[in-house]
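my_file34.cif, holding mmCIF, C-alpha atoms and all ligand atoms:
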```cif
data_query
loop_
_atom_site.group_PDB
_atom_site.id
_atom_site.type_symbol
_atom_site.label_atom_id
_atom_site.label_comp_id
_atom_site.auth_asym_id
_atom_site.auth_seq_id
_atom_site.Cartn_x
_atom_site.Cartn_y
_atom_site.Cartn_z
ATOM 1 C CA MET A 65 -0.130 -3.084 -41.914
ATOM 2 C CA LEU A 66 -0.965 -0.630 -39.151
ATOM 3 C CA ASP A 67 1.539 -0.583 -36.263
ATOM 4 C CA LEU A 68 -0.294 -0.710 -32.921
ATOM 5 C CA THR A 69 2.758 -1.337 -30.757
ATOM 6 C CA GLY A 70 2.061 0.131 -27.326
ATOM 7 C CA THR A 71 -1.718 -0.134 -27.672
ATOM 8 C CA ARG A 72 -3.281 -2.029 -24.797
ATOM 9 C CA VAL A 73 -6.476 -3.992 -25.300
ATOM 10 C CA VAL A 74 -8.422 -5.781 -22.576
ATOM 11 C CA ALA A 75 -11.109 -8.370 -23.289
ATOM 12 C CA ILE A 76 -13.367 -9.294 -20.364
ATOM 13 C CA PHE A 77 -15.295 -12.557 -20.715
ATOM 14 C CA ALA A 78 -16.761 -15.298 -18.523
ATOM 15 C CA HIS A 79 -15.404 -18.724 -19.492
ATOM 16 C CA PRO A 80 -12.469 -20.263 -21.336
ATOM 17 C CA ASP A 81 -13.656 -20.433 -25.006
ATOM 18 C CA ASP A 82 -15.751 -17.211 -24.926
ATOM 19 C CA GLU A 83 -12.732 -15.469 -26.490
ATOM 20 C CA ALA A 84 -12.311 -17.787 -29.454
ATOM 21 C CA PHE A 85 -15.142 -17.489 -31.891
ATOM 22 C CA THR A 86 -16.904 -14.159 -31.552
ATOM 23 C CA ILE A 87 -13.823 -11.950 -30.988
ATOM 24 C CA GLY A 88 -10.881 -14.210 -31.889
ATOM 25 C CA GLY A 89 -10.365 -12.569 -35.273
ATOM 26 C CA VAL A 90 -10.120 -9.071 -33.856
ATOM 27 C CA LEU A 91 -7.780 -10.245 -31.083
ATOM 28 C CA SER A 92 -5.516 -11.997 -33.631
ATOM 29 C CA ALA A 93 -5.505 -8.939 -35.876
ATOM 30 C CA PHE A 94 -4.576 -6.723 -32.919
ATOM 31 C CA ALA A 95 -1.776 -9.121 -31.962
ATOM 32 C CA ASP A 96 -0.401 -9.115 -35.538
ATOM 33 C CA ARG A 97 -0.199 -5.333 -35.367
ATOM 34 C CA GLY A 98 1.766 -5.323 -32.119
ATOM 35 C CA ALA A 99 -0.988 -4.506 -29.617
ATOM 36 C CA ALA A 100 -0.727 -6.055 -26.144
ATOM 37 C CA ILE A 101 -3.865 -8.029 -25.331
ATOM 38 C CA THR A 102 -4.944 -9.077 -21.864
ATOM 39 C CA LEU A 103 -7.823 -11.507 -21.547
ATOM 40 C CA ILE A 104 -9.661 -11.421 -18.240
ATOM 41 C CA THR A 105 -11.824 -14.484 -17.665
ATOM 42 C CA ALA A 106 -14.210 -14.550 -14.717
ATOM 43 C CA THR A 107 -14.310 -18.334 -14.235
ATOM 44 C CA ARG A 108 -12.546 -21.526 -15.327
ATOM 45 C CA GLY A 109 -15.737 -23.001 -16.783
ATOM 46 C CA GLU A 110 -15.948 -25.922 -14.369
ATOM 47 C CA GLU A 111 -19.674 -26.390 -15.088
ATOM 48 C CA GLY A 112 -19.057 -26.865 -18.817
ATOM 49 C CA GLU A 113 -19.413 -29.949 -20.963
ATOM 50 C CA ILE A 114 -16.756 -32.657 -21.288
ATOM 51 C CA ALA A 115 -16.599 -33.814 -24.907
ATOM 52 C CA HIS A 116 -15.012 -37.155 -24.053
ATOM 53 C CA PRO A 117 -14.317 -38.807 -20.659
ATOM 54 C CA SER A 118 -10.636 -39.264 -21.581
ATOM 55 C CA LEU A 119 -10.157 -35.467 -21.573
ATOM 56 C CA ALA A 120 -11.234 -34.489 -18.066
ATOM 57 C CA THR A 121 -13.389 -35.349 -15.067
ATOM 58 C CA PRO A 122 -15.800 -32.968 -13.348
ATOM 59 C CA GLY A 123 -13.173 -32.744 -10.586
ATOM 60 C CA ASN A 124 -10.307 -31.521 -12.776
ATOM 61 C CA LEU A 125 -12.254 -29.705 -15.499
ATOM 62 C CA ALA A 126 -11.276 -26.280 -14.133
ATOM 63 C CA SER A 127 -7.547 -26.957 -14.473
ATOM 64 C CA VAL A 128 -7.960 -28.694 -17.847
ATOM 65 C CA ARG A 129 -9.919 -25.721 -19.177
ATOM 66 C CA GLU A 130 -7.354 -23.305 -17.788
ATOM 67 C CA GLN A 131 -4.696 -25.049 -19.896
ATOM 68 C CA GLU A 132 -6.998 -25.128 -22.940
ATOM 69 C CA LEU A 133 -7.442 -21.375 -22.578
ATOM 70 C CA LEU A 134 -3.676 -20.828 -22.410
ATOM 71 C CA ASP A 135 -3.302 -22.905 -25.601
ATOM 72 C CA ALA A 136 -6.036 -20.911 -27.371
ATOM 73 C CA ALA A 137 -4.539 -17.631 -26.139
ATOM 74 C CA ALA A 138 -1.144 -18.580 -27.610
ATOM 75 C CA ILE A 139 -2.793 -19.258 -30.988
ATOM 76 C CA LEU A 140 -4.593 -15.903 -30.968
ATOM 77 C CA GLY A 141 -1.520 -13.971 -29.805
ATOM 78 C CA ILE A 142 -3.014 -12.903 -26.464
ATOM 79 C CA SER A 143 -0.181 -11.595 -24.275
ATOM 80 C CA ALA A 144 -1.620 -12.328 -20.830
ATOM 81 C CA VAL A 145 -4.532 -14.261 -19.345
ATOM 82 C CA ARG A 146 -5.948 -13.285 -15.950
ATOM 83 C CA PHE A 147 -8.607 -15.147 -13.984
ATOM 84 C CA LEU A 148 -11.015 -13.489 -11.565
ATOM 85 C CA ASP A 149 -11.203 -16.897 -9.806
ATOM 86 C CA PHE A 150 -14.973 -17.124 -9.507
ATOM 87 C CA ARG A 151 -16.914 -20.331 -9.998
ATOM 88 C CA ASP A 152 -18.789 -21.058 -13.229
ATOM 89 C CA SER A 153 -22.496 -20.487 -12.449
ATOM 90 C CA GLY A 154 -23.684 -23.056 -15.006
ATOM 91 C CA MET A 155 -26.556 -22.735 -17.440
ATOM 92 C CA PHE A 156 -29.741 -20.827 -16.560
ATOM 93 C CA GLY A 157 -31.836 -22.571 -13.915
ATOM 94 C CA THR A 158 -29.241 -25.182 -12.847
ATOM 95 C CA GLU A 159 -28.260 -25.943 -9.256
ATOM 96 C CA ALA A 160 -24.772 -24.473 -9.828
ATOM 97 C CA ASN A 161 -26.425 -21.020 -10.026
ATOM 98 C CA GLN A 162 -26.867 -21.165 -6.219
ATOM 99 C CA HIS A 163 -23.270 -22.075 -5.271
ATOM 100 C CA PRO A 164 -21.933 -19.368 -2.907
ATOM 101 C CA GLU A 165 -18.776 -18.972 -5.012
ATOM 102 C CA ALA A 166 -20.718 -18.878 -8.286
ATOM 103 C CA PHE A 167 -19.879 -15.800 -10.331
ATOM 104 C CA ILE A 168 -23.516 -14.631 -10.424
ATOM 105 C CA GLN A 169 -23.650 -14.701 -6.618
ATOM 106 C CA GLN A 170 -21.004 -11.928 -6.452
ATOM 107 C CA SER A 171 -22.234 -8.345 -6.516
ATOM 108 C CA THR A 172 -21.409 -6.374 -9.643
ATOM 109 C CA ALA A 173 -19.746 -3.810 -7.330
ATOM 110 C CA SER A 174 -17.322 -6.401 -5.954
ATOM 111 C CA VAL A 175 -16.530 -7.731 -9.443
ATOM 112 C CA ALA A 176 -16.052 -4.168 -10.708
ATOM 113 C CA LYS A 177 -13.610 -3.525 -7.860
ATOM 114 C CA LYS A 178 -11.539 -6.578 -8.831
ATOM 115 C CA LEU A 179 -11.596 -5.518 -12.477
ATOM 116 C CA ALA A 180 -10.603 -1.958 -11.574
ATOM 117 C CA SER A 181 -7.439 -3.114 -9.798
ATOM 118 C CA ILE A 182 -6.361 -5.021 -12.933
ATOM 119 C CA LEU A 183 -7.244 -2.172 -15.287
ATOM 120 C CA GLU A 184 -5.369 0.338 -13.116
ATOM 121 C CA GLU A 185 -2.292 -1.775 -13.736
ATOM 122 C CA ILE A 186 -2.830 -2.153 -17.498
ATOM 123 C CA ARG A 187 -4.419 1.210 -18.424
ATOM 124 C CA PRO A 188 -6.046 -0.079 -21.615
ATOM 125 C CA GLU A 189 -7.102 2.118 -24.536
ATOM 126 C CA LEU A 190 -9.871 -0.349 -25.409
ATOM 127 C CA VAL A 191 -12.075 -2.753 -23.482
ATOM 128 C CA ILE A 192 -14.295 -5.373 -25.132
ATOM 129 C CA THR A 193 -16.961 -7.401 -23.323
ATOM 130 C CA PHE A 194 -20.341 -9.070 -23.873
ATOM 131 C CA SER A 195 -23.442 -7.124 -24.831
ATOM 132 C CA GLU A 196 -26.332 -7.087 -22.360
ATOM 133 C CA GLU A 197 -27.780 -10.473 -23.341
ATOM 134 C CA GLY A 198 -24.345 -12.108 -23.290
ATOM 135 C CA GLY A 199 -24.862 -13.644 -26.719
ATOM 136 C CA TYR A 200 -27.124 -16.499 -25.724
ATOM 137 C CA LEU A 201 -28.242 -15.401 -22.233
ATOM 138 C CA HIS A 202 -25.765 -17.463 -20.211
ATOM 139 C CA PRO A 203 -26.056 -16.019 -16.668
ATOM 140 C CA ASP A 204 -22.261 -15.583 -16.375
ATOM 141 C CA HIS A 205 -22.118 -13.696 -19.668
ATOM 142 C CA VAL A 206 -24.899 -11.336 -18.582
ATOM 143 C CA HIS A 207 -23.198 -10.856 -15.203
ATOM 144 C CA THR A 208 -19.891 -10.056 -16.920
ATOM 145 C CA HIS A 209 -21.622 -7.361 -18.960
ATOM 146 C CA GLU A 210 -23.334 -5.887 -15.899
ATOM 147 C CA SER A 211 -20.069 -5.873 -13.933
ATOM 148 C CA VAL A 212 -18.272 -4.019 -16.718
ATOM 149 C CA VAL A 213 -21.125 -1.496 -16.905
ATOM 150 C CA GLU A 214 -20.687 -0.949 -13.155
ATOM 151 C CA LEU A 215 -16.908 -0.635 -13.607
ATOM 152 C CA ALA A 216 -17.404 2.008 -16.310
ATOM 153 C CA ARG A 217 -19.816 3.898 -14.053
ATOM 154 C CA LEU A 218 -17.415 3.872 -11.078
ATOM 155 C CA HIS A 219 -14.159 4.376 -13.020
ATOM 156 C CA PRO A 220 -14.830 6.003 -16.393
ATOM 157 C CA GLU A 221 -11.144 7.010 -16.548
ATOM 158 C CA LEU A 222 -10.155 3.333 -16.854
ATOM 159 C CA ILE A 223 -12.161 2.713 -20.043
ATOM 160 C CA PRO A 224 -11.531 5.268 -22.824
ATOM 161 C CA HIS A 225 -13.247 3.038 -25.398
ATOM 162 C CA LEU A 226 -15.726 0.294 -24.645
ATOM 163 C CA TYR A 227 -17.316 -2.049 -27.157
ATOM 164 C CA TYR A 228 -19.884 -4.792 -26.650
ATOM 165 C CA ASN A 229 -19.618 -7.924 -28.742
ATOM 166 C CA SER A 230 -22.531 -10.122 -29.742
ATOM 167 C CA ILE A 231 -23.966 -12.306 -32.493
ATOM 168 C CA PRO A 232 -26.634 -11.166 -34.966
ATOM 169 C CA ARG A 233 -30.022 -12.380 -33.763
ATOM 170 C CA GLU A 234 -31.024 -13.271 -37.311
ATOM 171 C CA PHE A 235 -28.141 -15.788 -37.640
ATOM 172 C CA PHE A 236 -28.720 -17.148 -34.188
ATOM 173 C CA HIS A 237 -32.393 -17.803 -34.795
ATOM 174 C CA GLU A 238 -31.652 -19.585 -38.049
ATOM 175 C CA LEU A 239 -29.049 -21.796 -36.382
ATOM 176 C CA ALA A 240 -31.208 -22.491 -33.351
ATOM 177 C CA ARG A 241 -34.194 -23.304 -35.577
ATOM 178 C CA GLN A 242 -32.120 -25.961 -37.349
ATOM 179 C CA ASP A 243 -30.658 -27.283 -34.130
ATOM 180 C CA GLN A 244 -33.614 -28.057 -31.909
ATOM 181 C CA GLY A 245 -31.346 -30.069 -29.605
ATOM 182 C CA VAL A 246 -29.661 -27.243 -27.705
ATOM 183 C CA PHE A 247 -32.412 -24.648 -27.857
ATOM 184 C CA ALA A 248 -35.535 -26.813 -27.791
ATOM 185 C CA GLY A 249 -37.861 -25.805 -25.015
ATOM 186 C CA MET A 250 -36.517 -22.284 -24.674
ATOM 187 C CA SER A 251 -39.333 -19.862 -23.839
ATOM 188 C CA GLU A 252 -40.550 -17.357 -26.441
ATOM 189 C CA GLU A 253 -39.435 -14.531 -24.182
ATOM 190 C CA ARG A 254 -35.829 -15.790 -23.962
ATOM 191 C CA TRP A 255 -35.789 -16.767 -27.611
ATOM 192 C CA ALA A 256 -36.624 -13.188 -28.576
ATOM 193 C CA ARG A 257 -33.609 -11.890 -26.597
ATOM 194 C CA MET A 258 -30.901 -14.083 -28.191
ATOM 195 C CA GLY A 259 -28.069 -12.045 -29.727
ATOM 196 C CA GLN A 260 -28.645 -8.503 -30.975
ATOM 197 C CA PRO A 261 -30.486 -7.449 -34.141
ATOM 198 C CA LEU A 262 -28.100 -6.817 -37.038
ATOM 199 C CA ALA A 263 -29.233 -3.188 -37.106
ATOM 200 C CA ALA A 264 -27.995 -2.674 -33.522
ATOM 201 C CA PHE A 265 -24.316 -3.117 -34.408
ATOM 202 C CA ASP A 266 -22.163 -0.036 -34.962
ATOM 203 C CA LEU A 267 -19.169 -1.875 -36.345
ATOM 204 C CA VAL A 268 -18.892 -5.075 -38.357
ATOM 205 C CA VAL A 269 -15.256 -6.112 -38.647
ATOM 206 C CA ASN A 270 -14.285 -8.388 -41.516
ATOM 207 C CA VAL A 271 -11.733 -10.850 -40.121
ATOM 208 C CA GLU A 272 -11.593 -13.248 -43.055
ATOM 209 C CA PRO A 273 -7.767 -13.570 -42.954
ATOM 210 C CA TYR A 274 -8.097 -14.866 -39.387
ATOM 211 C CA ILE A 275 -10.778 -17.539 -39.818
ATOM 212 C CA ASP A 276 -8.315 -20.441 -39.633
ATOM 213 C CA ARG A 277 -6.682 -19.026 -36.521
ATOM 214 C CA LYS A 278 -10.072 -18.548 -34.854
ATOM 215 C CA ILE A 279 -11.042 -22.107 -35.602
ATOM 216 C CA ALA A 280 -7.691 -23.391 -34.313
ATOM 217 C CA ALA A 281 -8.217 -21.421 -31.086
ATOM 218 C CA PHE A 282 -11.766 -22.698 -30.771
ATOM 219 C CA THR A 283 -10.699 -26.327 -31.248
ATOM 220 C CA ALA A 284 -7.922 -25.901 -28.661
ATOM 221 C CA HIS A 285 -10.819 -26.022 -26.204
ATOM 222 C CA LYS A 286 -10.930 -29.786 -26.637
ATOM 223 C CA THR A 287 -13.388 -30.465 -23.818
ATOM 224 C CA GLN A 288 -15.870 -28.032 -25.407
ATOM 225 C CA GLN A 289 -16.037 -29.647 -28.837
ATOM 226 C CA PRO A 290 -19.193 -31.486 -29.956
ATOM 227 C CA LYS A 291 -19.576 -34.968 -28.516
ATOM 228 C CA GLU A 292 -19.620 -37.969 -30.806
ATOM 229 C CA GLY A 293 -22.765 -37.861 -32.937
ATOM 230 C CA GLU A 294 -23.441 -34.171 -32.207
ATOM 231 C CA ARG A 295 -23.574 -31.622 -34.970
ATOM 232 C CA ASN A 296 -20.257 -29.845 -35.597
ATOM 233 C CA PHE A 297 -21.173 -26.361 -36.735
ATOM 234 C CA ILE A 298 -17.718 -25.114 -37.578
ATOM 235 C CA GLU A 299 -17.279 -27.834 -40.160
ATOM 236 C CA GLU A 300 -20.238 -26.414 -42.092
ATOM 237 C CA GLU A 301 -19.273 -23.933 -44.767
ATOM 238 C CA GLU A 302 -22.340 -21.692 -44.463
ATOM 239 C CA THR A 303 -22.176 -21.469 -40.664
ATOM 240 C CA ARG A 304 -18.488 -20.743 -40.873
ATOM 241 C CA ARG A 305 -19.136 -17.956 -43.332
ATOM 242 C CA GLN A 306 -21.899 -16.379 -41.253
ATOM 243 C CA PHE A 307 -20.240 -16.692 -37.867
ATOM 244 C CA ALA A 308 -16.511 -16.640 -38.445
ATOM 245 C CA GLN A 309 -15.911 -14.117 -41.206
ATOM 246 C CA ASN A 310 -17.349 -11.056 -39.476
ATOM 247 C CA GLU A 311 -17.325 -9.918 -35.865
ATOM 248 C CA TYR A 312 -20.004 -7.607 -34.534
ATOM 249 C CA TYR A 313 -19.555 -4.713 -32.135
ATOM 250 C CA ILE A 314 -21.708 -2.106 -30.412
ATOM 251 C CA GLU A 315 -19.977 1.093 -29.330
ATOM 252 C CA ALA A 316 -20.717 1.861 -25.672
ATOM 253 C CA ILE A 317 -18.098 4.445 -24.672
ATOM 254 C CA SER A 318 -15.969 6.548 -26.975
ATOM 255 C CA ASN A 319 -13.616 9.131 -25.522
ATOM 256 C CA PRO A 320 -12.875 11.651 -28.298
ATOM 257 C CA ASP A 321 -9.506 12.529 -26.692
ATOM 258 C CA THR A 322 -7.931 9.172 -27.556
ATOM 259 C CA PRO A 323 -7.985 7.359 -30.913
ATOM 260 C CA ASP A 324 -10.289 4.349 -31.081
ATOM 261 C CA PRO A 325 -8.110 1.242 -31.588
ATOM 262 C CA LEU A 326 -10.975 -0.935 -32.830
ATOM 263 C CA LEU A 327 -12.010 1.591 -35.454
ATOM 264 C CA ARG A 328 -8.395 1.957 -36.586
ATOM 265 C CA LEU A 329 -8.052 -1.817 -36.794
ATOM 266 C CA ALA A 330 -11.287 -2.202 -38.770
ATOM 267 C CA GLU A 331 -10.126 0.439 -41.260
ATOM 268 C CA ASP A 332 -6.758 -1.254 -41.593
ATOM 269 C CA LEU A 333 -8.398 -4.623 -42.247
ATOM 270 C CA GLU A 334 -10.478 -2.995 -45.006
ATOM 271 C CA ARG A 335 -7.307 -1.645 -46.601
ATOM 272 C CA THR A 336 -5.090 -4.714 -46.232
ATOM 273 C CA PRO A 337 -5.804 -7.312 -48.925
ATOM 274 C CA SER A 338 -6.229 -10.787 -47.456
HETATM 275 ZN ZN ZN B 401 -19.214 -18.608 -21.886
#
```
Rendering of file as structure tokens:
Amino acid sequence: MLDLTGTRVVAIFAHPDDEAFTIGGVLSAFADRGAAITLITATRGEEGEIAHPSLATPGNLASVREQELLDAAAILGISAVRFLDFRDSGMFGTEANQHPEAFIQQSTASVAKKLASILEEIRPELVITFSEEGGYLHPDHVHTHESVVELARLHPELIPHLYYNSIPREFFHELARQDQGVFAGMSEERWARMGQPLAAFDLVVNVEPYIDRKIAAFTAHKTQQPKEGERNFIEEEETRRQFAQNEYYIEAISNPDTPDPLLRLAEDLERTPS
């Protein structure tokens, strides 16, 4: 197994649980190889769902989700979790979008400044964040992407390698077609922008040895699990195979002067039998 001791990786996402499913395998694989991983999360997800009333109330959801994230981070081997302390902006078109402390109400320049002070401390070799549509167009995901783009523009020296993570549009459409509940009523225009086309990805990382760990991290977010009677996707073999086995990355910045940790990891995973 490749030794990545001393390599510093930063993942920048919006809510507790964004780290678990789409990048959890890569983060676990980095951790197993000795890399130090810092997860920066913009909000505590206080506008999220509550799977069961015994788990949290709207009033304490932020602190409950903070603990859930720490539990998930421990499972994935993340070394440090940092919060930007903004408020969850909620789903597209909800009242929470307008809250003055909502993440999307902060300028990308001010978010980039906050991120820069953390990155100056860490000096990562690799940064991973959402792609431009933020997976499924959640306003906080899109705003995270735009803030990181601004950060890279202002401080290119802080990001030697930058990758965007997303979900193949083809899988997403199939899942959403089956599950009219969550995506019913979405406009054609938004529908067409879900995920990224398979052909857009530069790197598909096979993380099969880490599927169980990803699922354990995902289920550590207890408040975010399906409610009673709702469909539980991760219990379905085919969905698991499509979503959990591979992780999908678009290369945004690649500094030829420093080795690319994600590329090295992907090559190592190809070599190492599971
Ligand atoms: Zn999210």
Taking a cut-off of 8 Å and counting only C-alpha atoms and all ligand atoms, can you build a table that, for each residue of chain A near ligand ZN 401 (chain B), reports the nearest atom pair and how far apart they are in Å (one decimal), sorted by chain then residue number, as JSON lines?
```
{"residue": "A:Phe77", "atom": "CA", "partner": "B:ZN401", "partner_atom": "ZN", "distance": 7.3}
{"residue": "A:Ala78", "atom": "CA", "partner": "B:ZN401", "partner_atom": "ZN", "distance": 5.3}
{"residue": "A:His79", "atom": "CA", "partner": "B:ZN401", "partner_atom": "ZN", "distance": 4.5}
{"residue": "A:Pro80", "atom": "CA", "partner": "B:ZN401", "partner_atom": "ZN", "distance": 7.0}
{"residue": "A:Asp81", "atom": "CA", "partner": "B:ZN401", "partner_atom": "ZN", "distance": 6.6}
{"residue": "A:Asp82", "atom": "CA", "partner": "B:ZN401", "partner_atom": "ZN", "distance": 4.8}
{"residue": "A:Gly109", "atom": "CA", "partner": "B:ZN401", "partner_atom": "ZN", "distance": 7.6}
{"residue": "A:His202", "atom": "CA", "partner": "B:ZN401", "partner_atom": "ZN", "distance": 6.9}
{"residue": "A:Asp204", "atom": "CA", "partner": "B:ZN401", "partner_atom": "ZN", "distance": 7.0}
{"residue": "A:His205", "atom": "CA", "partner": "B:ZN401", "partner_atom": "ZN", "distance": 6.1}
```
Save out the residues we just selected, C-alpha atoms, as a PDB file, keeping the file's coordinate frame.
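In the end it all went to result.pdb:
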```pdb
ATOM      1  CA  PHE A  77     -15.295 -12.557 -20.715  1.00  0.00           C
ATOM      2  CA  ALA A  78     -16.761 -15.298 -18.523  1.00  0.00           C
ATOM      3  CA  HIS A  79     -15.404 -18.724 -19.492  1.00  0.00           C
ATOM      4  CA  PRO A  80     -12.469 -20.263 -21.336  1.00  0.00           C
ATOM      5  CA  ASP A  81     -13.656 -20.433 -25.006  1.00  0.00           C
ATOM      6  CA  ASP A  82     -15.751 -17.211 -24.926  1.00  0.00           C
ATOM      7  CA  GLY A 109     -15.737 -23.001 -16.783  1.00  0.00           C
ATOM      8  CA  HIS A 202     -25.765 -17.463 -20.211  1.00  0.00           C
ATOM      9  CA  ASP A 204     -22.261 -15.583 -16.375  1.00  0.00           C
ATOM     10  CA  HIS A 205     -22.118 -13.696 -19.668  1.00  0.00           C
TER      11      HIS A 205
END
```
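Here the question is which of A:Val206, A:Ala280, A:Leu201, A:Val212 gets nearest to Gly88 (chain A) using all atoms listed in the file, and that residue is A:Ala280.
With only C-alpha atoms as the atoms that count, the minimum distance from Pro261 (chain A) to the choices A:Gln169, A:Ser195, A:Ser211, A:Thr303 is reached by A:Ser195.
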Enter the distance from CA of Arg146 (chain A) to CA of Asp67 (chain A), in Å, rounded to one decimal.
25.1 Å
Which one is closest to Val128 (chain A): A:Val74, A:Ile114, A:Val191, A:Ala106? Count only C-alpha atoms.
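For Val128 (chain A), the nearest of the candidates is A:Ile114.
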Show me a table, sorted first by chain and then by increasing residue number, of the residues of region 192-301 of chain A having an atom at most 8 Å from region 185-188 of chain A, each with its shortest atom pair and the distance in Å to one decimal, counting all atoms listed in the file and written as a tab-separated table.
```
residue	atom	partner	partner_atom	distance
A:Leu222	CA	A:Arg187	CA	6.3
A:Ile223	CA	A:Pro188	CA	6.9
A:Pro224	CA	A:Pro188	CA	7.8
```
Which residues, protein or nucleic acid, reach to within 12 Å of (-13.8, -35.9, -17.6) in the file's coordinates when using all atoms listed in the file, and can you give that as an MDAnalysis selection string?
chainID A and resid 110:129 286:288
At what distance in Å, to one decimal, does CA of Ile231 (chain A) lie from CA of Ile314 (chain A)?
10.7 Å
I'd like a table as a tab-separated table: residues in region 138-257 of chain A with an atom no more than 8 Å from region 315-337 of chain A, each row giving the shortest atom pair and its distance in Å to one decimal, all atoms listed in the file counted, sorted by chain and rising residue number.
```
residue	atom	partner	partner_atom	distance
A:Glu189	CA	A:Pro325	CA	7.2
A:Leu190	CA	A:Pro325	CA	6.6
A:Ile223	CA	A:Ile317	CA	7.7
A:Pro224	CA	A:Asn319	CA	5.2
A:His225	CA	A:Ser318	CA	4.7
A:Leu226	CA	A:Ile317	CA	4.8
A:Tyr227	CA	A:Glu315	CA	4.7
A:Tyr228	CA	A:Glu315	CA	6.5
```
Using all atoms listed in the file for the distances, tell me which of A:Met250, A:Met155, A:Leu215, A:Ile192 is nearest to Leu179 (chain A).
A:Leu215
